file entry.pdb (PDB, C-alpha atoms, pLDDT in the B column)
ATOM      1  CA  MET V   1       4.024   9.422  22.721  1.00 47.00           C
ATOM      2  CA  SER V   2       2.896  11.351  19.652  1.00 54.00           C
ATOM      3  CA  SER V   3      -0.174  13.513  19.912  1.00 64.00           C
ATOM      4  CA  LYS V   4      -3.037  12.797  17.508  1.00 68.00           C
ATOM      5  CA  ASN V   5      -2.575  16.161  15.797  1.00 73.00           C
ATOM      6  CA  GLU V   6       1.173  15.608  15.362  1.00 83.00           C
ATOM      7  CA  LEU V   7       0.524  12.112  13.949  1.00 88.00           C
ATOM      8  CA  ASP V   8      -2.118  13.500  11.582  1.00 90.00           C
ATOM      9  CA  ASN V   9       0.440  16.027  10.293  1.00 94.00           C
ATOM     10  CA  ARG V  10       2.797  13.161   9.401  1.00 96.00           C
ATOM     11  CA  THR V  11       0.172  10.943   7.744  1.00 97.00           C
ATOM     12  CA  LEU V  12      -1.110  10.822   4.183  1.00 97.00           C
ATOM     13  CA  THR V  13      -4.389   8.927   3.792  1.00 97.00           C
ATOM     14  CA  ILE V  14      -6.385   7.503   0.912  1.00 97.00           C
ATOM     15  CA  LYS V  15      -9.830   5.990   1.466  1.00 98.00           C
ATOM     16  CA  ARG V  16     -11.596   3.847  -1.094  1.00 97.00           C
ATOM     17  CA  THR V  17     -14.611   1.583  -1.256  1.00 98.00           C
ATOM     18  CA  PHE V  18     -13.923  -1.398  -3.476  1.00 97.00           C
ATOM     19  CA  ASN V  19     -16.851  -3.111  -5.163  1.00 97.00           C
ATOM     20  CA  ALA V  20     -15.691  -6.547  -4.016  1.00 97.00           C
ATOM     21  CA  PRO V  21     -16.144  -8.691  -0.913  1.00 98.00           C
ATOM     22  CA  ILE V  22     -13.548  -8.355   1.819  1.00 98.00           C
ATOM     23  CA  ALA V  23     -12.189 -11.900   1.322  1.00 98.00           C
ATOM     24  CA  LEU V  24     -11.320 -11.126  -2.301  1.00 98.00           C
ATOM     25  CA  VAL V  25      -9.825  -7.719  -1.476  1.00 98.00           C
ATOM     26  CA  TRP V  26      -7.715  -9.293   1.281  1.00 98.00           C
ATOM     27  CA  GLU V  27      -6.500 -12.099  -0.987  1.00 98.00           C
ATOM     28  CA  ALA V  28      -5.611  -9.729  -3.831  1.00 98.00           C
ATOM     29  CA  TRP V  29      -3.767  -7.430  -1.395  1.00 97.00           C
ATOM     30  CA  THR V  30      -1.822 -10.161   0.419  1.00 97.00           C
ATOM     31  CA  GLN V  31      -0.944 -12.905  -2.095  1.00 97.00           C
ATOM     32  CA  PRO V  32       2.145 -12.424  -4.299  1.00 96.00           C
ATOM     33  CA  GLU V  33       0.577 -13.945  -7.421  1.00 96.00           C
ATOM     34  CA  HIS V  34      -2.065 -11.191  -7.264  1.00 97.00           C
ATOM     35  CA  ILE V  35       0.236  -8.363  -6.154  1.00 97.00           C
ATOM     36  CA  ALA V  36       2.432  -8.802  -9.225  1.00 95.00           C
ATOM     37  CA  LEU V  37      -0.564  -8.040 -11.448  1.00 95.00           C
ATOM     38  CA  TRP V  38      -1.686  -4.701  -9.945  1.00 94.00           C
ATOM     39  CA  TRP V  39       0.959  -3.187  -7.641  1.00 94.00           C
ATOM     40  CA  GLY V  40       2.294   0.185  -8.742  1.00 87.00           C
ATOM     41  CA  PRO V  41       1.072   3.011 -10.952  1.00 83.00           C
ATOM     42  CA  LYS V  42      -0.282   2.332 -14.430  1.00 84.00           C
ATOM     43  CA  GLY V  43       2.423   1.523 -16.945  1.00 82.00           C
ATOM     44  CA  MET V  44       4.648  -0.267 -14.424  1.00 86.00           C
ATOM     45  CA  LYS V  45       5.328  -3.983 -14.267  1.00 91.00           C
ATOM     46  CA  THR V  46       5.960  -5.430 -10.812  1.00 94.00           C
ATOM     47  CA  GLU V  47       8.143  -8.379  -9.899  1.00 96.00           C
ATOM     48  CA  VAL V  48       7.623  -9.863  -6.445  1.00 97.00           C
ATOM     49  CA  ILE V  49      11.114 -10.777  -5.241  1.00 97.00           C
ATOM     50  CA  GLU V  50      10.110 -11.729  -1.706  1.00 97.00           C
ATOM     51  CA  HIS V  51       6.790 -11.852   0.148  1.00 97.00           C
ATOM     52  CA  ASP V  52       6.909 -13.568   3.543  1.00 98.00           C
ATOM     53  CA  PHE V  53       3.428 -12.635   4.774  1.00 98.00           C
ATOM     54  CA  LYS V  54       3.786 -13.020   8.530  1.00 98.00           C
ATOM     55  CA  ILE V  55       4.684 -10.721  11.406  1.00 98.00           C
ATOM     56  CA  GLY V  56       8.420 -10.088  11.072  1.00 98.00           C
ATOM     57  CA  GLY V  57       8.376 -11.314   7.469  1.00 98.00           C
ATOM     58  CA  THR V  58       9.918  -9.199   4.743  1.00 98.00           C
ATOM     59  CA  TRP V  59       8.583  -8.101   1.390  1.00 98.00           C
ATOM     60  CA  ASN V  60      10.492  -6.831  -1.624  1.00 98.00           C
ATOM     61  CA  TYR V  61       8.978  -5.798  -4.961  1.00 97.00           C
ATOM     62  CA  VAL V  62      10.679  -4.265  -7.995  1.00 95.00           C
ATOM     63  CA  MET V  63       8.585  -1.932 -10.147  1.00 91.00           C
ATOM     64  CA  LEU V  64       9.862  -1.605 -13.700  1.00 88.00           C
ATOM     65  CA  MET V  65       9.121   1.625 -15.524  1.00 83.00           C
ATOM     66  CA  PRO V  66       8.578   1.724 -19.298  1.00 83.00           C
ATOM     67  CA  ASP V  67      11.830   3.736 -19.664  1.00 85.00           C
ATOM     68  CA  GLY V  68      13.865   0.965 -18.015  1.00 84.00           C
ATOM     69  CA  ASN V  69      14.259   2.629 -14.621  1.00 85.00           C
ATOM     70  CA  GLN V  70      13.090   0.771 -11.557  1.00 88.00           C
ATOM     71  CA  PHE V  71      11.786   1.423  -8.089  1.00 87.00           C
ATOM     72  CA  VAL V  72      12.500  -1.001  -5.278  1.00 93.00           C
ATOM     73  CA  ALA V  73       9.792  -1.343  -2.631  1.00 95.00           C
ATOM     74  CA  ASP V  74      10.541  -3.244   0.549  1.00 97.00           C
ATOM     75  CA  GLY V  75       9.621  -3.519   4.187  1.00 98.00           C
ATOM     76  CA  VAL V  76       8.814  -5.708   7.168  1.00 98.00           C
ATOM     77  CA  PHE V  77       5.337  -6.795   8.260  1.00 98.00           C
ATOM     78  CA  LEU V  78       4.816  -5.414  11.784  1.00 98.00           C
ATOM     79  CA  GLU V  79       1.188  -6.340  12.476  1.00 98.00           C
ATOM     80  CA  ILE V  80      -1.336  -8.536  10.671  1.00 98.00           C
ATOM     81  CA  ILE V  81      -4.939  -9.039  11.730  1.00 98.00           C
ATOM     82  CA  GLU V  82      -6.671 -11.159   9.103  1.00 98.00           C
ATOM     83  CA  LEU V  83      -9.354  -9.306   7.110  1.00 98.00           C
ATOM     84  CA  LYS V  84      -8.766  -6.193   9.257  1.00 98.00           C
ATOM     85  CA  LYS V  85      -5.304  -4.662   9.244  1.00 98.00           C
ATOM     86  CA  ILE V  86      -1.768  -4.862   7.895  1.00 98.00           C
ATOM     87  CA  ILE V  87       0.976  -2.604   9.228  1.00 98.00           C
ATOM     88  CA  SER V  88       4.383  -2.635   7.611  1.00 98.00           C
ATOM     89  CA  SER V  89       7.549  -0.629   7.470  1.00 98.00           C
ATOM     90  CA  ALA V  90       8.134   0.556   3.916  1.00 97.00           C
ATOM     91  CA  ASN V  91      10.753   2.012   1.613  1.00 96.00           C
ATOM     92  CA  PHE V  92      10.158   3.025  -1.996  1.00 90.00           C
ATOM     93  CA  LYS V  93      13.667   3.610  -3.274  1.00 87.00           C
ATOM     94  CA  PRO V  94      14.943   5.942  -4.500  1.00 82.00           C
ATOM     95  CA  MET V  95      12.192   8.386  -3.461  1.00 84.00           C
ATOM     96  CA  THR V  96      10.780   7.336  -0.080  1.00 90.00           C
ATOM     97  CA  VAL V  97      12.396   5.646   2.910  1.00 92.00           C
ATOM     98  CA  GLY V  98      11.501   4.986   6.515  1.00 96.00           C
ATOM     99  CA  VAL V  99       7.703   5.198   6.410  1.00 97.00           C
ATOM    100  CA  GLU V 100       4.995   3.036   7.928  1.00 98.00           C
ATOM    101  CA  MET V 101       2.136   1.724   5.775  1.00 97.00           C
ATOM    102  CA  GLN V 102      -1.219   0.892   7.303  1.00 98.00           C
ATOM    103  CA  SER V 103      -3.795  -0.970   5.223  1.00 98.00           C
ATOM    104  CA  LEU V 104      -7.164  -1.159   6.976  1.00 98.00           C
ATOM    105  CA  PHE V 105     -10.033  -3.302   5.690  1.00 98.00           C
ATOM    106  CA  GLU V 106     -13.688  -3.057   6.714  1.00 98.00           C
ATOM    107  CA  GLU V 107     -16.519  -5.231   5.445  1.00 98.00           C
ATOM    108  CA  ALA V 108     -19.426  -3.245   3.989  1.00 97.00           C
ATOM    109  CA  GLY V 109     -21.870  -5.873   2.795  1.00 96.00           C
ATOM    110  CA  ASP V 110     -20.552  -7.127  -0.543  1.00 96.00           C
ATOM    111  CA  LYS V 111     -18.103  -4.193  -0.727  1.00 98.00           C
ATOM    112  CA  THR V 112     -14.950  -3.348   1.195  1.00 98.00           C
ATOM    113  CA  ASN V 113     -14.070  -0.029   2.788  1.00 98.00           C
ATOM    114  CA  PHE V 114     -10.330   0.462   2.624  1.00 98.00           C
ATOM    115  CA  THR V 115      -8.144   3.017   4.383  1.00 98.00           C
ATOM    116  CA  PHE V 116      -4.503   3.410   3.426  1.00 98.00           C
ATOM    117  CA  ASN V 117      -2.278   5.470   5.724  1.00 98.00           C
ATOM    118  CA  VAL V 118       1.383   6.240   5.205  1.00 97.00           C
ATOM    119  CA  ILE V 119       3.044   7.677   8.301  1.00 97.00           C
ATOM    120  CA  HIS V 120       6.243   9.651   7.771  1.00 97.00           C
ATOM    121  CA  PRO V 121       8.985  10.305  10.332  1.00 96.00           C
ATOM    122  CA  THR V 122       8.491  14.089  10.210  1.00 95.00           C
ATOM    123  CA  GLU V 123       5.855  16.570   9.118  1.00 95.00           C
ATOM    124  CA  GLU V 124       8.303  18.125   6.635  1.00 96.00           C
ATOM    125  CA  TYR V 125       9.022  14.766   5.010  1.00 95.00           C
ATOM    126  CA  CYS V 126       5.291  14.086   4.793  1.00 96.00           C
ATOM    127  CA  LYS V 127       4.703  17.387   2.978  1.00 96.00           C
ATOM    128  CA  GLN V 128       7.604  16.678   0.625  1.00 95.00           C
ATOM    129  CA  GLN V 129       6.177  13.251  -0.244  1.00 94.00           C
ATOM    130  CA  GLU V 130       2.749  14.736  -0.890  1.00 95.00           C
ATOM    131  CA  GLU V 131       4.294  17.343  -3.217  1.00 95.00           C
ATOM    132  CA  MET V 132       6.257  14.613  -5.036  1.00 92.00           C
ATOM    133  CA  GLY V 133       2.984  12.980  -6.114  1.00 92.00           C
ATOM    134  CA  PHE V 134       1.889  10.601  -3.362  1.00 94.00           C
ATOM    135  CA  TYR V 135      -1.816  10.897  -4.209  1.00 95.00           C
ATOM    136  CA  ASN V 136      -1.289  10.565  -7.970  1.00 92.00           C
ATOM    137  CA  GLY V 137       1.000   7.537  -7.670  1.00 90.00           C
ATOM    138  CA  TRP V 138      -1.037   5.625  -5.123  1.00 93.00           C
ATOM    139  CA  GLY V 139      -4.290   6.773  -6.722  1.00 93.00           C
ATOM    140  CA  SER V 140      -3.145   5.160  -9.973  1.00 92.00           C
ATOM    141  CA  ALA V 141      -2.160   1.965  -8.145  1.00 93.00           C
ATOM    142  CA  PHE V 142      -5.570   1.790  -6.469  1.00 95.00           C
ATOM    143  CA  GLU V 143      -7.282   2.284  -9.841  1.00 95.00           C
ATOM    144  CA  ARG V 144      -5.310  -0.718 -11.109  1.00 95.00           C
ATOM    145  CA  PHE V 145      -6.303  -2.635  -7.971  1.00 96.00           C
ATOM    146  CA  GLU V 146     -10.000  -1.845  -8.514  1.00 96.00           C
ATOM    147  CA  GLU V 147      -9.752  -2.936 -12.165  1.00 96.00           C
ATOM    148  CA  TYR V 148      -8.012  -6.142 -11.095  1.00 96.00           C
ATOM    149  CA  LEU V 149     -10.725  -6.890  -8.517  1.00 97.00           C
ATOM    150  CA  GLN V 150     -13.437  -6.434 -11.150  1.00 94.00           C
ATOM    151  CA  LYS V 151     -11.841  -9.158 -13.293  1.00 93.00           C
ATOM    152  CA  LYS V 152     -11.951 -11.673 -10.430  1.00 84.00           C
TER     153      LYS V 152
END

call {"tool": "encode", "arguments": {"input": "entry.pdb", "output": "structure tokens"}}
result
Amino acid sequence: MSSKNELDNRTLTIKRTFNAPIALVWEAWTQPEHIALWWGPKGMKTEVIEHDFKIGGTWNYVMLMPDGNQFVADGVFLEIIELKKIISSANFKPMTVGVEMQSLFEEAGDKTNFTFNVIHPTEEYCKQQEEMGFYNGWGSAFERFEEYLQKK
């Protein structure tokens, strides 16, 4: 069993409070017709190839960069607790493979507290991912998500 400190050293975390009710945040995070409109950093278009939102279901998104390159994001849903938590395996090829994503939702009146954890297999890999721009990339995606929520 991993110690808390060892797990912390393999985890990158982003916390946000979205100015939207939890039901809307959950829907926008879990439904493919919404995901295609905000997923990925600014400037990227996302195509949802597969999104089987159930435990054991797979997801596969392709993010198209303005220069024609693409990133493939895929994984398997490991745990889903409605309006609370989604845990998934995740790969973001070609840069990141073999991580676990945790999306945690908490109602805060008419807002939603959101915690996003990405757990890496090793501490070294975690540091490498942070240096490669984890916070900038996901920060940009969450800015797009917030903007999308405000239009709903």

call {"tool": "residues_around", "arguments": {"input": "entry.pdb", "residues": "stretch 38-55 of chain V", "least_positions_apart": "4", "cutoff": "10 Å", "atoms": "only C-alpha atoms", "output": "VMD selection string"}}
result
chain V and resid 28 to 34 59 to 68 70 to 81 86 to 88 136 to 149

call {"tool": "atom_distance", "arguments": {"input": "entry.pdb", "atom1": "atom CA of V:Phe92", "atom2": "atom CA of V:Asn5"}}
result
25.5 Å

call {"tool": "atom_distance", "arguments": {"input": "entry.pdb", "atom1": "atom CA of V:Ile14", "atom2": "atom CA of V:Glu131"}}
result
15.1 Å

call {"tool": "resolve_selection", "arguments": {"input": "entry.pdb", "expression": "the PyMOL selection byres ((chain V and resi 123) around 10)", "output": "VMD selection string"}}
result
chain V and resid 6 to 11 119 to 122 124 to 129

call {"tool": "atom_distance", "arguments": {"input": "entry.pdb", "atom1": "atom CA of V:Ile35", "atom2": "atom CA of V:Asn69"}}
result
19.7 Å

call {"tool": "closest_residue", "arguments": {"input": "entry.pdb", "among": "V:Lys85, V:Val118, V:Gly133, V:Thr13", "to": "V:Met101", "atoms": "all atoms listed in the file"}}
result
V:Val118

call {"tool": "resolve_selection", "arguments": {"input": "entry.pdb", "expression": "the PyMOL selection byres ((chain V and resi 83) around 10)", "output": "ChimeraX atom specification"}}
result
/V:22-27,80-82,84-86,104-107

call {"tool": "resolve_selection", "arguments": {"input": "entry.pdb", "expression": "the PyMOL selection byres ((chain V and resi 114) around 6)", "output": "list in words"}}
result
Lys15, Arg16, Thr17, Leu104, Phe105, Asn113 and Thr115 of chain V

call {"tool": "write_last_selection", "arguments": {"input": "entry.pdb", "atoms": "C-alpha atoms", "output": "compact mmCIF listing (two decimals), keeping the file's coordinate frame"}}
result
# COMPACT_ATOMS: atom_id res chain seq x y z
CA LYS V 15 -9.83 5.99 1.47
CA ARG V 16 -11.60 3.85 -1.09
CA THR V 17 -14.61 1.58 -1.26
CA LEU V 104 -7.16 -1.16 6.98
CA PHE V 105 -10.03 -3.30 5.69
CA ASN V 113 -14.07 -0.03 2.79
CA THR V 115 -8.14 3.02 4.38

call {"tool": "axis_aligned_box", "arguments": {"input": "entry.pdb", "around": "stretch 41-59 of chain V", "padding_each_side": "8 Å", "output": "JSON"}}
result
{"center_x": 5.4, "center_y": -5.3, "center_z": -2.8, "size_x": 27.4, "size_y": 32.6, "size_z": 44.4}

call {"tool": "decode", "arguments": {"input": "entry.pdb", "residues": "stretch 94-107 of chain V", "atoms": "all heavy atoms", "output": "CSV table (one decimal), in the first residue's frame"}}
result
chain,number,residue,atom,x,y,z
V,94,PRO,N,1.1,11.7,-27.6
V,94,PRO,CA,2.2,11.0,-27.3
V,94,PRO,C,3.0,11.3,-26.0
V,94,PRO,O,4.0,10.7,-25.8
V,94,PRO,CB,3.1,11.3,-28.5
V,94,PRO,CG,2.8,12.7,-28.8
V,94,PRO,CD,1.4,12.9,-28.5
V,95,MET,N,2.4,12.2,-25.2
V,95,MET,CA,3.2,12.7,-24.1
V,95,MET,C,3.1,12.0,-22.8
V,95,MET,O,4.0,12.0,-22.0
V,95,MET,CB,2.9,14.2,-23.9
V,95,MET,CG,3.3,15.0,-25.1
V,95,MET,SD,3.1,16.8,-25.1
V,95,MET,CE,2.2,17.1,-23.6
V,96,THR,N,1.9,11.5,-22.5
V,96,THR,CA,1.6,11.0,-21.1
V,96,THR,C,0.9,9.6,-21.3
V,96,THR,O,-0.1,9.6,-22.0
V,96,THR,CB,0.7,12.0,-20.4
V,96,THR,OG1,1.3,13.2,-20.3
V,96,THR,CG2,0.5,11.5,-18.9
V,97,VAL,N,1.4,8.6,-20.6
V,97,VAL,CA,0.7,7.3,-20.6
V,97,VAL,C,0.7,6.8,-19.1
V,97,VAL,O,1.6,7.0,-18.3
V,97,VAL,CB,1.4,6.3,-21.5
V,97,VAL,CG1,1.2,6.8,-23.0
V,97,VAL,CG2,2.8,6.1,-21.2
V,98,GLY,N,-0.3,6.0,-18.9
V,98,GLY,CA,-0.4,5.2,-17.6
V,98,GLY,C,-0.6,6.0,-16.4
V,98,GLY,O,-0.1,5.7,-15.3
V,99,VAL,N,-1.5,7.0,-16.5
V,99,VAL,CA,-1.8,7.8,-15.3
V,99,VAL,C,-3.3,7.5,-14.9
V,99,VAL,O,-4.0,6.9,-15.6
V,99,VAL,CB,-1.6,9.3,-15.5
V,99,VAL,CG1,-0.1,9.6,-15.8
V,99,VAL,CG2,-2.5,9.9,-16.6
V,100,GLU,N,-3.6,8.0,-13.7
V,100,GLU,CA,-5.0,7.9,-13.2
V,100,GLU,C,-5.5,9.3,-13.0
V,100,GLU,O,-4.8,10.1,-12.4
V,100,GLU,CB,-5.0,7.1,-11.8
V,100,GLU,CG,-6.4,7.0,-11.3
V,100,GLU,CD,-6.5,6.3,-9.9
V,100,GLU,OE1,-6.3,5.1,-10.0
V,100,GLU,OE2,-6.7,6.9,-8.9
V,101,MET,N,-6.7,9.6,-13.5
V,101,MET,CA,-7.3,10.9,-13.4
V,101,MET,C,-8.4,10.7,-12.3
V,101,MET,O,-9.3,9.8,-12.4
V,101,MET,CB,-8.0,11.3,-14.7
V,101,MET,CG,-7.0,12.0,-15.6
V,101,MET,SD,-7.9,12.8,-17.0
V,101,MET,CE,-9.4,12.0,-17.3
V,102,GLN,N,-8.5,11.7,-11.4
V,102,GLN,CA,-9.6,11.7,-10.4
V,102,GLN,C,-10.2,13.1,-10.6
V,102,GLN,O,-9.6,14.1,-10.4
V,102,GLN,CB,-9.0,11.6,-9.0
V,102,GLN,CG,-8.3,10.3,-8.8
V,102,GLN,CD,-7.8,10.2,-7.4
V,102,GLN,OE1,-7.6,11.2,-6.7
V,102,GLN,NE2,-7.4,9.0,-6.9
V,103,SER,N,-11.5,13.1,-10.8
V,103,SER,CA,-12.3,14.3,-10.9
V,103,SER,C,-13.3,14.3,-9.7
V,103,SER,O,-14.1,13.4,-9.7
V,103,SER,CB,-13.0,14.4,-12.2
V,103,SER,OG,-12.1,14.3,-13.3
V,104,LEU,N,-13.1,15.2,-8.8
V,104,LEU,CA,-14.0,15.2,-7.6
V,104,LEU,C,-14.8,16.5,-7.6
V,104,LEU,O,-14.3,17.6,-7.8
V,104,LEU,CB,-13.1,15.2,-6.4
V,104,LEU,CG,-12.0,14.1,-6.4
V,104,LEU,CD1,-11.1,14.3,-5.2
V,104,LEU,CD2,-12.6,12.7,-6.4
V,105,PHE,N,-16.1,16.3,-7.3
V,105,PHE,CA,-17.1,17.4,-7.4
V,105,PHE,C,-17.7,17.6,-6.0
V,105,PHE,O,-18.1,16.6,-5.4
V,105,PHE,CB,-18.2,17.0,-8.4
V,105,PHE,CG,-17.7,16.7,-9.8
V,105,PHE,CD1,-17.2,15.4,-10.0
V,105,PHE,CD2,-17.8,17.6,-10.8
V,105,PHE,CE1,-16.7,15.1,-11.3
V,105,PHE,CE2,-17.3,17.3,-12.1
V,105,PHE,CZ,-16.8,16.0,-12.3
V,106,GLU,N,-17.9,18.8,-5.6
V,106,GLU,CA,-18.5,19.1,-4.3
V,106,GLU,C,-19.4,20.3,-4.4
V,106,GLU,O,-19.0,21.4,-4.9
V,106,GLU,CB,-17.4,19.4,-3.3
V,106,GLU,CG,-17.9,19.7,-1.9
V,106,GLU,CD,-16.8,20.1,-0.9
V,106,GLU,OE1,-15.7,20.3,-1.3
V,106,GLU,OE2,-17.2,20.3,0.2
V,107,GLU,N,-20.6,20.1,-4.1
V,107,GLU,CA,-21.6,21.2,-4.1
V,107,GLU,C,-21.3,22.3,-3.1
V,107,GLU,O,-20.9,22.0,-2.0
V,107,GLU,CB,-23.0,20.7,-3.9
V,107,GLU,CG,-24.1,21.7,-4.1
V,107,GLU,CD,-25.5,21.1,-4.0
V,107,GLU,OE1,-25.6,19.9,-3.5
V,107,GLU,OE2,-26.5,21.8,-4.3
